[in-house]
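structure.cif follows; it contains mmCIF, C-alpha atoms.
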```
data_entry
loop_
_atom_site.label_atom_id
_atom_site.label_comp_id
_atom_site.auth_asym_id
_atom_site.auth_seq_id
_atom_site.Cartn_x
_atom_site.Cartn_y
_atom_site.Cartn_z
CA LEU X 15 -50.45 -20.02 8.32
CA GLN X 16 -50.72 -22.01 11.54
CA ARG X 17 -48.93 -20.82 14.66
CA SER X 18 -46.55 -23.82 14.51
CA SER X 19 -45.58 -22.98 10.93
CA LEU X 20 -44.95 -19.33 11.84
CA CYS X 21 -42.78 -20.44 14.75
CA ARG X 22 -40.73 -22.69 12.48
CA ILE X 23 -40.27 -19.85 9.99
CA ALA X 24 -39.22 -17.45 12.76
CA VAL X 25 -36.71 -19.93 14.17
CA SER X 26 -35.31 -20.64 10.71
CA ALA X 27 -34.95 -16.91 10.02
CA ALA X 28 -33.18 -16.44 13.32
CA ARG X 29 -30.80 -19.26 12.52
CA VAL X 30 -30.04 -17.76 9.11
CA GLY X 31 -29.45 -14.40 10.75
CA CYS X 32 -27.11 -15.89 13.33
CA TYR X 33 -25.29 -17.85 10.64
CA SER X 34 -24.88 -14.71 8.53
CA ARG X 35 -23.43 -12.83 11.47
CA ARG X 36 -21.03 -15.65 12.20
CA VAL X 37 -19.86 -15.61 8.60
CA VAL X 38 -19.25 -11.86 8.73
CA THR X 39 -17.33 -11.99 11.99
CA ALA X 40 -15.41 -15.18 11.17
CA GLY X 41 -14.36 -14.30 7.64
CA GLY X 42 -10.83 -12.97 7.24
CA ALA X 43 -9.88 -9.80 5.41
CA PRO X 44 -8.88 -10.25 1.73
CA ASN X 45 -5.12 -9.92 1.34
CA THR X 46 -4.59 -11.14 -2.25
CA TRP X 47 -4.96 -9.25 -5.51
CA GLY X 48 -4.46 -10.25 -9.12
CA ASN X 49 -5.20 -13.13 -11.47
CA ASN X 50 -2.09 -14.09 -13.42
CA PHE X 51 0.38 -12.09 -11.32
CA ARG X 52 -1.02 -12.59 -7.82
CA VAL X 53 0.21 -10.67 -4.80
CA THR X 54 -0.54 -11.53 -1.19
CA THR X 55 0.69 -9.14 1.50
CA PHE X 56 1.19 -10.29 5.07
CA GLY X 57 2.32 -9.13 8.49
CA GLU X 58 1.43 -6.56 11.14
CA SER X 59 3.22 -3.34 12.02
CA HIS X 60 4.46 -4.65 15.38
CA GLY X 61 4.80 -8.31 14.48
CA VAL X 62 7.94 -10.12 13.38
CA GLY X 63 7.83 -8.58 9.95
CA VAL X 64 5.83 -7.61 6.86
CA GLY X 65 6.12 -8.61 3.25
CA CYS X 66 4.50 -10.35 0.32
CA VAL X 67 4.23 -13.55 -1.67
CA ILE X 68 4.12 -13.23 -5.47
CA ASP X 69 2.61 -16.12 -7.40
CA GLY X 70 2.55 -16.29 -11.20
CA CYS X 71 5.80 -14.51 -11.98
CA PRO X 72 7.42 -16.23 -14.99
CA PRO X 73 10.80 -17.93 -14.68
CA ARG X 74 14.11 -16.53 -15.95
CA LEU X 75 13.24 -12.94 -15.10
CA PRO X 76 16.42 -11.14 -13.96
CA ILE X 77 15.81 -9.55 -10.56
CA THR X 78 18.16 -8.67 -7.75
CA ARG X 79 17.69 -7.84 -4.10
CA GLU X 80 19.19 -4.41 -4.81
CA GLU X 81 16.45 -3.58 -7.33
CA ILE X 82 13.77 -4.36 -4.77
CA GLN X 83 15.65 -2.54 -2.02
CA TYR X 84 15.91 0.58 -4.19
CA GLU X 85 12.13 0.88 -4.30
CA LEU X 86 11.80 0.19 -0.58
CA ASP X 87 14.39 2.88 0.18
CA ARG X 88 12.20 5.36 -1.69
CA ARG X 89 9.33 4.40 0.61
CA LYS X 90 10.99 4.06 4.00
CA PRO X 91 10.40 6.64 6.78
CA GLY X 92 13.04 8.97 8.16
CA GLN X 93 14.62 9.73 4.77
CA SER X 94 13.93 13.48 4.81
CA LYS X 95 12.61 16.35 6.92
CA ILE X 96 9.09 16.03 5.48
CA THR X 97 8.57 12.37 6.34
CA THR X 98 7.86 10.68 9.65
CA PRO X 99 10.98 10.81 11.88
CA ARG X 100 10.76 7.12 12.75
CA LYS X 101 13.83 5.17 11.63
CA ASP X 102 13.21 1.89 9.83
CA GLU X 103 15.94 0.40 7.66
CA ASP X 104 13.43 -1.92 5.98
CA GLN X 105 15.97 -4.35 4.56
CA VAL X 106 14.34 -6.91 2.30
CA GLU X 107 15.07 -10.64 2.38
CA ILE X 108 14.29 -12.89 -0.59
CA LEU X 109 13.09 -16.13 0.97
CA SER X 110 12.15 -18.06 -2.16
CA GLY X 111 11.50 -17.94 -5.88
CA VAL X 112 14.81 -16.38 -6.94
CA LEU X 113 18.08 -18.20 -7.65
CA ASP X 114 21.33 -16.59 -8.78
CA GLY X 115 19.58 -13.36 -9.74
CA ASN X 116 16.78 -14.97 -11.76
CA THR X 117 13.23 -16.01 -10.93
CA ILE X 118 12.56 -19.75 -11.11
CA GLY X 119 8.79 -19.69 -11.65
CA THR X 120 7.84 -20.59 -8.07
CA PRO X 121 6.23 -18.25 -5.51
CA ILE X 122 8.50 -15.35 -4.57
CA ALA X 123 8.45 -14.60 -0.84
CA LEU X 124 9.83 -11.24 0.29
CA LEU X 125 10.22 -10.33 3.97
CA VAL X 126 11.10 -7.11 5.80
CA ARG X 127 11.64 -7.57 9.52
CA ASN X 128 10.23 -4.95 11.89
CA LYS X 129 12.92 -3.17 13.90
CA ASP X 130 11.90 0.24 15.28
CA GLN X 131 8.91 -0.92 17.32
CA ARG X 132 7.51 1.39 19.98
CA GLY X 133 4.71 -0.56 21.60
CA LYS X 134 4.47 1.73 24.64
CA ASP X 135 3.48 4.61 22.35
CA TYR X 136 0.09 2.94 21.88
CA THR X 137 -0.85 2.21 25.50
CA GLU X 138 -3.72 4.69 25.58
CA MET X 139 -5.16 3.12 22.42
CA GLU X 140 -6.14 0.05 24.42
CA VAL X 141 -9.13 1.97 25.78
CA SER X 142 -9.81 4.42 22.95
CA TYR X 143 -10.01 4.46 19.17
CA ARG X 144 -7.83 6.74 17.09
CA PRO X 145 -9.66 9.07 14.71
CA SER X 146 -9.00 8.51 11.00
CA HIS X 147 -7.71 4.99 11.67
CA ALA X 148 -9.25 1.54 11.33
CA ASP X 149 -9.20 0.63 15.04
CA ALA X 150 -12.96 0.83 15.54
CA THR X 151 -13.72 -0.88 12.23
CA TYR X 152 -11.51 -3.88 13.03
CA ASP X 153 -12.97 -4.15 16.51
CA PHE X 154 -16.59 -3.98 15.33
CA LYS X 155 -16.03 -6.45 12.48
CA TYR X 156 -13.73 -9.05 14.02
CA GLY X 157 -14.04 -8.48 17.75
CA VAL X 158 -10.29 -8.11 18.04
CA ARG X 159 -7.69 -5.59 16.87
CA ALA X 160 -3.95 -5.01 16.93
CA VAL X 161 -3.64 -2.11 19.38
CA GLN X 162 0.06 -1.54 18.76
CA GLY X 163 0.51 0.28 15.48
CA GLY X 164 -2.81 -0.73 13.98
CA GLY X 165 -1.69 -4.13 12.69
CA ARG X 166 -2.77 -4.62 9.07
CA SER X 167 -4.23 -1.11 8.89
CA SER X 168 -0.77 0.38 9.45
CA ALA X 169 0.98 2.06 6.54
CA ARG X 170 3.70 -0.60 6.94
CA GLU X 171 1.37 -2.95 5.07
CA THR X 172 2.38 -1.06 1.93
CA ILE X 173 5.89 -2.52 2.20
CA GLY X 174 4.59 -5.71 0.64
CA ARG X 175 2.99 -3.77 -2.18
CA VAL X 176 6.17 -1.82 -2.90
CA ALA X 177 8.28 -4.99 -2.91
CA ALA X 178 5.86 -6.73 -5.25
CA GLY X 179 5.71 -3.60 -7.37
CA ALA X 180 9.48 -3.70 -7.80
CA VAL X 181 9.22 -7.19 -9.30
CA ALA X 182 6.25 -6.18 -11.46
CA LYS X 183 8.17 -3.11 -12.63
CA ARG X 184 11.07 -5.31 -13.74
CA LEU X 185 8.68 -7.64 -15.58
CA LEU X 186 6.86 -4.80 -17.35
CA LYS X 187 10.18 -3.37 -18.48
CA CYS X 188 10.62 -6.47 -20.63
CA PHE X 189 7.51 -5.39 -22.56
CA GLY X 190 8.53 -1.74 -22.88
CA VAL X 191 6.10 -0.49 -20.22
CA GLU X 192 7.23 2.33 -17.92
CA ILE X 193 5.25 3.62 -14.94
CA LEU X 194 6.10 6.89 -13.19
CA ALA X 195 4.39 8.85 -10.42
CA TRP X 196 5.04 12.22 -8.80
CA VAL X 197 3.52 14.59 -6.27
CA SER X 198 1.40 17.14 -8.13
CA THR X 199 -0.53 18.79 -5.28
CA VAL X 200 0.10 19.54 -1.61
CA LYS X 201 -2.87 21.04 0.21
CA ASP X 202 -3.95 24.01 -1.96
CA ILE X 203 -0.79 24.23 -4.08
CA GLU X 204 -1.15 22.52 -7.45
CA CYS X 205 1.61 21.89 -9.99
CA ASN X 206 0.34 21.44 -13.56
CA THR X 207 3.59 22.17 -15.41
CA VAL X 208 4.84 18.56 -15.70
CA ASP X 209 4.61 16.95 -19.15
CA PRO X 210 3.57 13.28 -18.67
CA GLU X 211 5.04 12.40 -22.06
CA THR X 212 8.59 13.48 -21.22
CA VAL X 213 8.95 13.41 -17.42
CA THR X 214 11.76 11.16 -16.17
CA MET X 215 12.52 9.29 -12.96
CA GLU X 216 15.65 11.38 -12.54
CA GLN X 217 13.55 14.56 -12.47
CA ILE X 218 11.14 13.05 -9.95
CA GLU X 219 13.94 11.88 -7.66
CA SER X 220 15.81 15.18 -7.81
CA ASN X 221 14.22 16.51 -4.61
CA ILE X 222 12.61 15.27 -1.39
CA ALA X 223 9.11 16.36 -2.48
CA ARG X 224 9.38 14.12 -5.55
CA CYS X 225 7.96 16.77 -7.82
CA PRO X 226 9.74 17.20 -11.20
CA ASP X 227 9.21 20.97 -11.09
CA GLN X 228 11.87 22.34 -8.72
CA GLU X 229 9.99 25.58 -8.05
CA TYR X 230 6.86 23.76 -6.97
CA ALA X 231 8.89 21.18 -5.06
CA GLU X 232 10.21 23.97 -2.83
CA LYS X 233 6.68 25.30 -2.33
CA PHE X 234 5.49 21.82 -1.36
CA VAL X 235 8.26 21.40 1.22
CA ASP X 236 7.57 24.82 2.73
CA LYS X 237 3.84 24.08 2.97
CA ILE X 238 4.38 20.69 4.61
CA GLN X 239 6.72 22.18 7.20
CA GLU X 240 4.29 25.02 7.85
CA VAL X 241 1.44 22.59 8.50
CA ARG X 242 3.64 20.35 10.65
CA LYS X 243 4.62 23.27 12.91
CA GLN X 244 0.91 23.82 13.49
CA GLY X 245 0.59 20.25 14.71
CA ASP X 246 -1.60 19.39 11.75
CA SER X 247 -1.44 17.39 8.53
CA CYS X 248 -2.63 18.00 4.98
CA GLY X 249 -3.59 16.04 1.92
CA GLY X 250 -2.10 15.88 -1.52
CA VAL X 251 -2.37 14.38 -4.99
CA VAL X 252 -0.07 11.91 -6.71
CA THR X 253 -0.20 11.81 -10.52
CA MET X 254 0.81 8.62 -12.32
CA VAL X 255 1.53 7.89 -15.96
CA ALA X 256 1.96 4.48 -17.61
CA ARG X 257 3.77 4.65 -20.94
CA GLY X 258 4.00 1.89 -23.55
CA VAL X 259 0.90 0.04 -22.32
CA PRO X 260 -0.37 -2.28 -25.10
CA ARG X 261 -3.90 -1.96 -26.43
CA GLY X 262 -6.71 -4.18 -25.28
CA ILE X 263 -5.91 -4.63 -21.59
CA GLY X 264 -9.06 -5.18 -19.56
CA SER X 265 -12.35 -6.94 -20.26
CA PRO X 266 -15.95 -5.83 -20.00
CA VAL X 267 -17.84 -5.58 -17.75
CA PHE X 268 -16.36 -6.17 -14.30
CA GLU X 269 -12.72 -6.52 -15.32
CA LYS X 270 -12.27 -3.21 -17.09
CA LEU X 271 -8.84 -1.66 -16.67
CA GLU X 272 -10.28 1.09 -14.47
CA ALA X 273 -12.07 -1.49 -12.33
CA GLU X 274 -8.94 -3.57 -11.86
CA LEU X 275 -6.92 -0.51 -10.88
CA ALA X 276 -9.65 0.58 -8.49
CA LYS X 277 -9.29 -2.66 -6.53
CA VAL X 278 -5.80 -1.62 -5.47
CA ARG X 279 -5.49 2.13 -5.79
CA PRO X 280 -8.04 3.39 -3.19
CA SER X 281 -7.08 0.69 -0.71
CA SER X 282 -3.56 2.10 -0.41
CA ILE X 283 -4.61 5.66 0.47
CA SER X 284 -3.44 6.66 3.95
CA ARG X 285 -5.18 9.32 6.00
CA GLY X 286 -3.56 11.33 8.72
CA GLU X 287 0.00 10.33 7.75
CA CYS X 288 2.67 11.90 5.56
#
```
Please express what this file holds, its structure, as structure tokens.
Amino acid sequence: LQRSSLCRIAVSAARVGCYSRRVVTAGGAPNTWGNNFRVTTFGESHGVGVGCVIDGCPPRLPITREEIQYELDRRKPGQSKITTPRKDEDQVEILSGVLDGNTIGTPIALLVRNKDQRGKDYTEMEVSYRPSHADATYDFKYGVRAVQGGGRSSARETIGRVAAGAVAKRLLKCFGVEILAWVSTVKDIECNTVDPETVTMEQIESNIARCPDQEYAEKFVDKIQEVRKQGDSCGGVVTMVARGVPRGIGSPVFEKLEAELAKVRPSSISRGEC
């Protein structure tokens, strides 16, 4: 090739490289999941509020604010001695899509306003990245990050998922589908005595560890408090069962049931928080 041709190729390659980098840095993070029942979560931990928009929910589905609030109350911090001590009431507001206790087939917007904000607690994070958080990743990818609370990488992002899950739970109930989850492992203590065929929500909610086996629930609480006194944290395992699921859900190859679940499940795992 002639020198002029090589120069043109080099310049073109450089332009493609620059364009690719611009695309990577300019593109926003995906915040929507689902095909028929689509959920978009929004908001930052220290912004005005957090929540979700649900698109694709059928009309005439009975749903009340209290049903959604019940699930959010199960999630909110400060509810027991083994959760974060921060106090957030996390009261949900239904902005659209529901009229007189029934869905109307339009997008359902749910909002929880942020109240217990402690911006000064994050001052030192302006010049350093927290380990086991997404501060560095956001900064490297987008060139900007929410210093206070971590923004979208905060666990408060899950409020939108829980609110949307409450609506999905009500919809699935119409088809005889029941989904339950409980804590089955805390650090090195594993509970394998729970029967997934017979376990009930009442059993799960009977203690602050949310383990149906009372003996193991007490062990879990003791272990969490022991680790907390050491100024440390520990991991755990949540086991989930879906009962009454009809046959044939999922499609090969890239929309298998496991693949669809994997799009949501790992993205909600929090590290370094209880």
Pull out every residue that the PyMOL selection byres ((chain X and resi 92) around 12) matches in the shown coordinates and put them as a list in words.
Asp87, Arg88, Arg89, Lys90, Pro91, Gln93, Ser94, Lys95, Ile96, Thr97, Thr98, Pro99, Arg100, Lys101, Asp102, Glu103, Asp104, Asp130, Ile222 and Cys288 of chain X
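Between X:Cys188 and the residues X:Val259, X:Leu124, X:Val278, X:Cys66, the shortest atom-to-atom distance, using all atoms listed in the file, involves X:Val259.
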Can you turn the PyMOL selection byres ((chain X and resi 178-181) around 8) into a concrete residue list for this file, as a count of residues only?
16
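Using the PyMOL selection byres ((chain X and resi 119) around 7) on the file at hand returns these residues: X:Cys71, X:Pro72, X:Pro73, X:Gly111, X:Thr117, X:Ile118, X:Thr120, X:Pro121.
The interatomic distance for the pair atom CA of X:Ile238 and atom CA of X:Arg170 works out to 21.4 Å.
Going from atom CA of X:Leu75 to atom CA of X:Val112 covers 9.0 Å.
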Counting only C-alpha atoms, which residue out of X:Gln162, X:Pro76, X:Gly258, X:Ala123 sits closest to X:Leu109?
X:Ala123
Draw an axis-aligned box over all listed atoms of stretch 110-125 of chain X, pad each side with 5 Å, and write its centre and edge lengths in Å, one decimal, as AutoDock Vina command-line options.
```
--center_x 13.8 --center_y -15.5 --center_z -3.9 --size_x 25.1 --size_y 20.3 --size_z 25.7
```
Using only C-alpha atoms, which residue out of X:Gly65, X:Gly70, X:Pro266, X:Gly48 lies closest to X:Leu86?
X:Gly65
Students should find that atom CA of X:Val197 and atom CA of X:Ala223 are spaced 7.0 Å
Skip X:Asp202 itself and residues of its chain fewer than 5 positions away, then list as a PyMOL selection string all residues within 12 Å of it, counting all atoms listed in the file.
chain X and resi 230+233-234+237-238+241+248-251
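Of the listed residues X:Glu107, X:Tyr84, X:Ala150, X:Val161, the one whose atoms come nearest to X:Gly61 is X:Val161, with distances taken using only C-alpha atoms.
Closest approach to X:Val191 among X:Arg261, X:Arg224, X:Gly157, X:Glu171 is made by X:Arg261 (distances from all atoms listed in the file).
Using all atoms listed in the file, the protein and nucleic acid residues lying no more than 8 Å from X:Gly63, apart from those fewer than 2 places from it along its own chain, are Gly57, Glu58, Ser59, His60, Gly61, Gly65, Leu125, Val126, Arg127 and Asn128 of chain X.
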